[in-house]
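Below is model.cif, holding mmCIF, C-alpha atoms.
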data_model
#
loop_
_atom_site.label_atom_id
_atom_site.label_comp_id
_atom_site.auth_asym_id
_atom_site.auth_seq_id
_atom_site.Cartn_x
_atom_site.Cartn_y
_atom_site.Cartn_z
CA MET A 1 56.22 -9.47 -40.15
CA ILE A 2 53.27 -7.35 -41.21
CA VAL A 3 51.64 -5.30 -38.48
CA SER A 4 48.53 -3.34 -39.45
CA LEU A 5 47.52 0.10 -38.23
CA GLN A 6 44.20 -1.18 -37.00
CA GLU A 7 42.61 0.95 -34.30
CA ASP A 8 42.91 -1.83 -31.69
CA ASN A 9 46.66 -2.13 -32.29
CA LEU A 10 47.12 1.63 -31.99
CA LYS A 11 45.08 1.68 -28.79
CA LEU A 12 47.18 -1.10 -27.27
CA LEU A 13 50.44 0.71 -27.99
CA MET A 14 49.02 3.95 -26.63
CA GLN A 15 47.95 2.11 -23.46
CA VAL A 16 51.54 1.01 -22.82
CA GLY A 17 52.86 4.55 -23.29
CA PHE A 18 53.21 5.38 -27.00
CA THR A 19 51.73 8.61 -28.31
CA GLU A 20 49.42 8.22 -31.29
CA ALA A 21 52.13 9.46 -33.68
CA GLN A 22 54.74 7.15 -32.11
CA ALA A 23 52.40 4.17 -32.39
CA LYS A 24 51.69 4.88 -36.07
CA ILE A 25 55.36 5.35 -36.94
CA TYR A 26 56.46 2.26 -35.00
CA LEU A 27 53.80 -0.06 -36.40
CA THR A 28 54.40 1.19 -39.94
CA LEU A 29 58.16 0.76 -39.57
CA CYS A 30 57.66 -2.74 -38.15
CA SER A 31 55.61 -3.57 -41.25
CA MET A 32 58.04 -2.01 -43.75
CA GLY A 33 61.21 -3.30 -42.12
CA GLN A 34 63.53 -0.42 -43.11
CA THR A 35 62.81 2.83 -44.92
CA ASP A 36 63.49 6.56 -45.06
CA ALA A 37 61.52 9.23 -43.21
CA LYS A 38 59.74 10.58 -46.31
CA THR A 39 58.35 7.19 -47.30
CA LEU A 40 57.56 6.33 -43.70
CA ALA A 41 55.63 9.58 -43.17
CA LYS A 42 53.57 8.91 -46.28
CA GLN A 43 52.75 5.33 -45.30
CA ALA A 44 51.87 6.32 -41.70
CA THR A 45 49.81 9.31 -42.94
CA ILE A 46 51.79 11.71 -40.74
CA PRO A 47 53.31 15.06 -41.81
CA ARG A 48 57.02 14.73 -42.60
CA GLN A 49 58.18 17.14 -39.89
CA ALA A 50 56.09 15.28 -37.31
CA ALA A 51 57.60 12.01 -38.54
CA TYR A 52 61.18 13.31 -38.07
CA ARG A 53 60.33 14.52 -34.56
CA THR A 54 58.63 11.23 -33.66
CA LEU A 55 61.54 9.17 -35.01
CA GLY A 56 63.87 11.17 -32.78
CA GLU A 57 61.67 10.41 -29.77
CA LEU A 58 61.61 6.69 -30.57
CA GLN A 59 65.39 6.67 -31.05
CA GLU A 60 65.84 8.13 -27.58
CA LYS A 61 63.74 5.29 -26.20
CA GLY A 62 65.80 2.70 -28.07
CA ILE A 63 62.85 1.51 -30.12
CA VAL A 64 64.01 2.79 -33.53
CA GLU A 65 67.52 2.48 -34.96
CA LYS A 66 69.08 4.91 -37.46
CA ILE A 67 70.75 3.27 -40.46
CA ILE A 68 73.62 5.07 -42.18
CA ALA A 69 72.49 5.41 -45.78
CA ILE A 70 71.59 7.96 -48.42
CA PRO A 71 68.88 8.96 -47.88
CA GLN A 72 68.87 8.33 -44.13
CA GLU A 73 66.90 5.21 -43.23
CA TYR A 74 65.37 3.80 -40.06
CA ARG A 75 64.60 0.35 -38.69
CA ALA A 76 62.33 -0.69 -35.83
CA ILE A 77 63.40 -3.18 -33.19
CA PRO A 78 61.16 -6.30 -32.93
CA ILE A 79 57.66 -5.58 -31.67
CA GLN A 80 58.08 -7.77 -28.57
CA ASP A 81 61.23 -5.85 -27.61
CA GLY A 82 59.54 -2.52 -28.22
CA LEU A 83 56.58 -3.46 -26.06
CA SER A 84 58.92 -4.72 -23.34
CA ILE A 85 60.79 -1.39 -23.29
CA MET A 86 57.60 0.67 -23.14
CA ILE A 87 56.08 -1.54 -20.43
CA GLY A 88 59.30 -1.05 -18.49
CA TYR A 89 58.91 2.74 -18.79
CA LYS A 90 55.28 2.39 -17.72
CA ALA A 91 56.29 0.29 -14.71
CA LYS A 92 58.85 2.92 -13.66
CA GLU A 93 56.25 5.64 -14.13
CA TYR A 94 53.76 3.66 -12.03
CA ALA A 95 56.38 3.07 -9.32
CA ASN A 96 57.16 6.78 -9.29
CA ILE A 97 53.47 7.68 -9.02
CA THR A 98 53.02 5.10 -6.26
CA GLU A 99 55.96 6.56 -4.34
CA LYS A 100 54.60 10.08 -4.70
CA ALA A 101 51.12 8.89 -3.68
CA GLU A 102 52.56 7.23 -0.57
CA GLU A 103 54.45 10.42 0.29
CA PHE A 104 51.25 12.40 -0.20
CA LEU A 105 49.27 9.99 2.00
CA GLY A 106 51.96 10.20 4.65
CA ARG A 107 51.78 14.00 4.67
CA TYR A 108 47.98 13.86 4.65
CA GLU A 109 47.81 11.40 7.55
CA GLU A 110 50.32 13.47 9.50
CA GLN A 111 48.24 16.59 8.92
CA THR A 112 45.08 14.70 9.88
CA LEU A 113 46.70 13.51 13.11
CA LEU A 114 47.74 17.07 13.90
CA GLN A 115 44.18 18.26 13.29
CA GLN A 116 42.80 15.44 15.44
CA THR A 117 45.23 16.36 18.19
CA GLU A 118 44.11 19.97 17.99
CA GLU A 119 40.47 18.87 18.02
CA GLU A 120 40.98 16.09 20.56
CA TYR A 121 39.13 17.90 23.34
CA SER A 122 35.79 19.50 22.64
CA ILE A 123 32.82 20.93 24.49
CA SER A 124 29.51 21.28 22.66
CA ILE A 125 25.95 22.12 23.62
CA ILE A 126 22.98 20.19 22.22
CA GLU A 127 19.39 21.39 22.52
CA GLY A 128 16.11 19.63 21.82
CA LYS A 129 15.02 16.23 23.09
CA ASP A 130 15.37 14.45 19.74
CA ALA A 131 18.90 15.75 19.12
CA ILE A 132 19.97 14.87 22.66
CA ILE A 133 18.54 11.36 22.46
CA LYS A 134 20.22 10.80 19.10
CA LYS A 135 23.60 11.81 20.51
CA ILE A 136 23.19 9.60 23.57
CA ARG A 137 22.13 6.71 21.31
CA ASN A 138 25.24 7.07 19.17
CA ILE A 139 27.53 7.05 22.19
CA THR A 140 25.61 4.17 23.78
CA ASN A 141 25.95 2.09 20.62
CA SER A 142 29.73 2.57 20.67
CA SER A 143 30.21 2.04 24.43
CA ILE A 144 32.43 -0.94 25.17
CA SER A 145 33.14 -1.14 28.91
CA GLU A 146 31.12 0.95 31.36
CA VAL A 147 28.56 3.71 31.78
CA TRP A 148 28.08 5.77 34.95
CA VAL A 149 24.86 7.71 35.39
CA CYS A 150 23.55 10.26 37.88
CA GLN A 151 19.92 11.17 37.13
CA THR A 152 16.57 12.08 38.47
CA LEU A 153 13.98 9.32 38.16
CA GLN A 154 12.07 11.40 35.61
CA ARG A 155 15.17 11.80 33.40
CA TRP A 156 16.16 8.16 33.79
CA ILE A 157 12.73 7.01 32.59
CA GLN A 158 12.78 9.43 29.64
CA VAL A 159 16.18 8.27 28.43
CA ASN A 160 15.69 4.56 29.03
CA VAL A 161 12.28 4.40 27.37
CA CYS A 162 13.80 5.96 24.24
CA LEU A 163 17.02 3.92 24.32
CA SER A 164 15.95 0.61 25.87
CA ASP A 165 16.96 -1.45 22.81
CA GLY A 166 20.39 0.19 22.64
CA ILE A 167 20.97 -0.20 26.38
CA GLU A 168 19.94 -3.86 26.31
CA ALA A 169 22.32 -4.43 23.39
CA ALA A 170 25.13 -2.72 25.33
CA LEU A 171 24.45 -4.95 28.33
CA ARG A 172 24.66 -8.01 26.09
CA ARG A 173 28.03 -6.76 24.84
CA GLY A 174 29.24 -6.77 28.42
CA VAL A 175 28.95 -3.04 29.14
CA LYS A 176 28.50 -2.49 32.87
CA TYR A 177 26.06 0.18 34.03
CA ARG A 178 26.24 1.88 37.41
CA VAL A 179 23.31 4.22 37.99
CA ILE A 180 22.59 6.59 40.86
CA LEU A 181 19.04 7.94 41.05
CA ALA A 182 17.97 10.87 43.16
CA GLN A 183 15.32 9.82 45.69
CA PRO A 184 12.00 11.27 44.47
CA GLU A 185 9.43 12.72 46.84
CA GLY A 186 7.16 9.73 46.31
CA GLU A 187 7.86 6.06 45.81
CA LEU A 188 10.39 4.78 43.29
CA SER A 189 8.34 3.21 40.52
CA PHE A 190 9.63 1.86 37.21
CA PRO A 191 7.77 1.13 33.94
CA LYS A 192 7.26 -2.57 33.24
CA ASP A 193 8.96 -2.27 29.85
CA LEU A 194 12.22 -1.40 31.61
CA LYS A 195 12.25 -4.38 33.96
CA PRO A 196 14.58 -6.44 31.68
CA ILE A 197 17.20 -3.71 32.05
CA LEU A 198 16.81 -3.57 35.83
CA LYS A 199 17.13 -7.35 36.16
CA HIS A 200 20.30 -7.63 34.09
CA PRO A 201 23.37 -8.55 36.20
CA ASN A 202 25.45 -5.83 34.51
CA TYR A 203 22.98 -3.13 35.57
CA GLN A 204 23.32 -1.79 39.10
CA ILE A 205 21.22 0.97 40.64
CA LYS A 206 21.70 2.88 43.84
CA VAL A 207 19.61 5.68 45.33
CA ALA A 208 20.96 8.92 46.75
CA ASP A 209 19.08 11.33 48.98
CA ARG A 210 20.09 14.19 46.73
CA LEU A 211 22.06 14.76 43.52
CA GLN A 212 23.64 17.99 42.41
CA VAL A 213 24.21 16.92 38.82
CA ASN A 214 22.28 15.16 36.09
CA ALA A 215 24.99 13.52 33.99
CA SER A 216 26.48 10.36 32.50
CA LEU A 217 29.98 9.15 31.71
CA HIS A 218 30.65 6.64 28.93
CA ASP A 219 33.85 4.54 28.93
CA GLN A 220 35.55 7.31 30.90
CA LYS A 221 35.76 9.22 27.61
CA TYR A 222 32.50 11.05 26.94
CA GLY A 223 30.32 12.97 29.33
CA PHE A 224 26.77 14.35 29.12
CA PHE A 225 25.85 17.12 31.56
CA SER A 226 22.39 18.70 31.85
CA TYR A 227 22.59 22.47 32.04
CA TYR A 228 19.51 22.47 34.31
CA PRO A 229 19.72 19.17 36.28
CA SER A 230 16.16 19.20 37.61
CA LYS A 231 14.34 20.03 34.36
CA ALA A 232 12.91 17.64 31.79
CA LEU A 233 15.07 16.64 28.84
CA SER A 234 13.15 18.87 26.44
CA GLU A 235 13.66 21.89 28.67
CA THR A 236 17.41 21.88 29.19
CA PRO A 237 20.44 22.00 26.92
CA VAL A 238 22.97 19.22 27.39
CA ILE A 239 26.73 19.74 27.43
CA VAL A 240 28.65 16.98 25.62
CA THR A 241 32.37 16.80 26.18
CA ASN A 242 35.46 14.64 26.22
CA HIS A 243 37.52 17.23 28.07
CA PRO A 244 39.39 15.48 30.90
CA SER A 245 39.02 18.37 33.35
CA LEU A 246 35.24 18.01 33.34
CA LEU A 247 35.26 14.21 33.20
CA ILE A 248 37.64 13.86 36.14
CA GLY A 249 35.45 16.15 38.24
CA PHE A 250 32.36 14.06 37.52
CA ARG A 251 34.28 10.81 38.05
CA ASP A 252 35.30 11.86 41.56
CA TYR A 253 31.79 13.09 42.34
CA PHE A 254 30.27 9.82 41.11
CA LYS A 255 32.65 7.65 43.15
CA ASN A 256 31.78 9.53 46.32
CA GLN A 257 28.05 9.34 45.62
CA TRP A 258 28.24 5.64 44.76
CA ARG A 259 30.01 4.92 48.03
CA ASP A 260 27.41 6.80 50.07
CA SER A 261 24.25 5.78 48.18
CA LYS A 262 21.90 2.94 49.07
CA LYS A 263 21.49 -0.13 46.92
CA LEU A 264 18.08 -0.43 45.29
CA ASN A 265 16.02 -3.24 46.78
#

Would you encode the structure as structure tokens?
Amino acid sequence: MIVSLQEDNLKLLMQVGFTEAQAKIYLTLCSMGQTDAKTLAKQATIPRQAAYRTLGELQEKGIVEKIIAIPQEYRAIPIQDGLSIMIGYKAKEYANITEKAEEFLGRYEEQTLLQQTEEEYSISIIEGKDAIIKKIRNITNSSISEVWVCQTLQRWIQVNVCLSDGIEAALRRGVKYRVILAQPEGELSFPKDLKPILKHPNYQIKVADRLQVNASLHDQKYGFFSYYPSKALSETPVIVTNHPSLLIGFRDYFKNQWRDSKKLN
């Protein structure tokens, strides 16, 4: 069987694990059948010392056989057997890499979980109306069960005008809103654009004589607290947190206020 040293053949053997020198020696030996190292090196265009070294490597892999003769001769095993052996080595190498990769991923995921545990509770301060609205929008878009709100009428209108689409989408997803508004000095009046929100069955509003906080709680997991409850959104930083100590305090406050507040007519 004549096997040429065409570049494509060399590339194929190198892809399954042969070095370039091993591929040249093996293909040449397959073509010649049986020969000595000097002749083989000349035909494969490889220095003689490199040919001896490469023959030793191929012998260790079981791809080349040494023939007792003077001078010493070598014979290649059939090409299909040689490829099968090298593919087997490649498969073992791949399995070993896969195992190491899985071990690495396991360590990485464990480390990530530890970091998440360490960072599980956080308290941050956001300033500027646009940044605050963006944060509320992100949390609103991911809300899945309920939102509790204590706000002044002015703040409620500011937030809902900016987030009406997101709030309506949350209501359609089944999110239930319970809102307590502080009774303003004048009459409670709502923009017409917000009427669809007010009419939705999942949106309940009550009115309290007075509120001490301006805050919201989303899915019992995330809270927004105005640093200055009575000021406009652009004039007060907002504390954002998932720390249970703060959330529990607001939860209890909200429940008491909800019980004592009047339903909006």

Q | Selection under test: the PyMOL selection byres ((chain A and resi 182) around 10); residues as an MDAnalysis selection string | A | chainID A and resid 150:154 156 179:181 183:185 188 206:214 261

I need the chosen residues saved as a PDB file, in the coordinates of the input, with C-alpha atoms.
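Result went into result_32.pdb, see below:
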ATOM      1  CA  CYS A 150      23.550  10.260  37.880  1.00  0.00           C
ATOM      2  CA  GLN A 151      19.920  11.170  37.130  1.00  0.00           C
ATOM      3  CA  THR A 152      16.570  12.080  38.470  1.00  0.00           C
ATOM      4  CA  LEU A 153      13.980   9.320  38.160  1.00  0.00           C
ATOM      5  CA  GLN A 154      12.070  11.400  35.610  1.00  0.00           C
ATOM      6  CA  TRP A 156      16.160   8.160  33.790  1.00  0.00           C
ATOM      7  CA  VAL A 179      23.310   4.220  37.990  1.00  0.00           C
ATOM      8  CA  ILE A 180      22.590   6.590  40.860  1.00  0.00           C
ATOM      9  CA  LEU A 181      19.040   7.940  41.050  1.00  0.00           C
ATOM     10  CA  GLN A 183      15.320   9.820  45.690  1.00  0.00           C
ATOM     11  CA  PRO A 184      12.000  11.270  44.470  1.00  0.00           C
ATOM     12  CA  GLU A 185       9.430  12.720  46.840  1.00  0.00           C
ATOM     13  CA  LEU A 188      10.390   4.780  43.290  1.00  0.00           C
ATOM     14  CA  LYS A 206      21.700   2.880  43.840  1.00  0.00           C
ATOM     15  CA  VAL A 207      19.610   5.680  45.330  1.00  0.00           C
ATOM     16  CA  ALA A 208      20.960   8.920  46.750  1.00  0.00           C
ATOM     17  CA  ASP A 209      19.080  11.330  48.980  1.00  0.00           C
ATOM     18  CA  ARG A 210      20.090  14.190  46.730  1.00  0.00           C
ATOM     19  CA  LEU A 211      22.060  14.760  43.520  1.00  0.00           C
ATOM     20  CA  GLN A 212      23.640  17.990  42.410  1.00  0.00           C
ATOM     21  CA  VAL A 213      24.210  16.920  38.820  1.00  0.00           C
ATOM     22  CA  ASN A 214      22.280  15.160  36.090  1.00  0.00           C
ATOM     23  CA  SER A 261      24.250   5.780  48.180  1.00  0.00           C
TER      24      SER A 261
END

Report as a tab-separated table: every residue of region 57-150 of chain A with an atom at most 9 Å from region 12-16 of chain A, its closest pair of atoms, and their distance in Å to one decimal, counting all atoms listed in the file, with rows sorted by chain and ascending residue number.
residue	atom	partner	partner_atom	distance
A:Leu83	CA	A:Val16	CA	7.5
A:Met86	CA	A:Val16	CA	6.1
A:Ile87	CA	A:Val16	CA	5.7
A:Tyr89	CA	A:Val16	CA	8.6
A:Lys90	CA	A:Val16	CA	6.5

Judged by only C-alpha atoms, the minimum distance to Pro244 (chain A) among A:Lys221, A:Arg178, A:Arg137, A:Lys262 is found for A:Lys221

Result set, the PyMOL selection byres ((chain A and resi 240) around 6) on current file, as a count of residues only: 6

Quick one: residues within 12 Å of (20.6, 8.5, 20.5) (file frame), counting only C-alpha atoms, please, as number ranges by chain. A: 129-142, 159-167

- [ ] Do a neighbour search on Ala21 (chain A) at 10 Å with only C-alpha atoms, toss out local chain neighbours closer than 4 positions, and write the hits as a PyMOL selection string.
- [x] chain A and resi 10+14+25-26+44-47+50-51+53-55

In Å and to one decimal, CA of Gly62 (chain A) is distant from CA of Tyr94 (chain A) by 20.1 Å

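The two atoms in question, CA of Gln43 (chain A) and CA of Gln6 (chain A), are spaced 13.6 Å apart.
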
Determine the axis-aligned bounding box of all atoms of region 228-234 of chain A present in the file, pad each side by 4 Å, and express its centre and edge lengths in Å to one decimal place as JSON.
{"center_x": 16.3, "center_y": 19.6, "center_z": 32.0, "size_x": 14.8, "size_y": 13.8, "size_z": 19.2}

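For the pair CA of Asn242 (chain A) and CA of Lys263 (chain A), the interatomic distance is 29.0 Å.
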
- Query: Which residues fall under the PyMOL selection byres ((chain A and resi 189-203) around 6) in this file, as a PyMOL selection string?
  - Reply: chain A and resi 176-177+188+204

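If you measure from each of A:Ala232, A:Trp148, A:Pro78, A:Gln257 to Ala215 (chain A) using all atoms listed in the file, the closest one turns out to be A:Trp148.
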
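Excluding Val64 (chain A) and any residue on its chain fewer than 2 positions from it, the residues at most 9 Å away by only C-alpha atoms are Tyr26, Leu29, Leu55, Gly56, Glu57, Leu58, Gln59, Glu60, Lys61, Gly62, Lys66, Tyr74, Arg75, Ala76, Ile77 and Gly82 of chain A.
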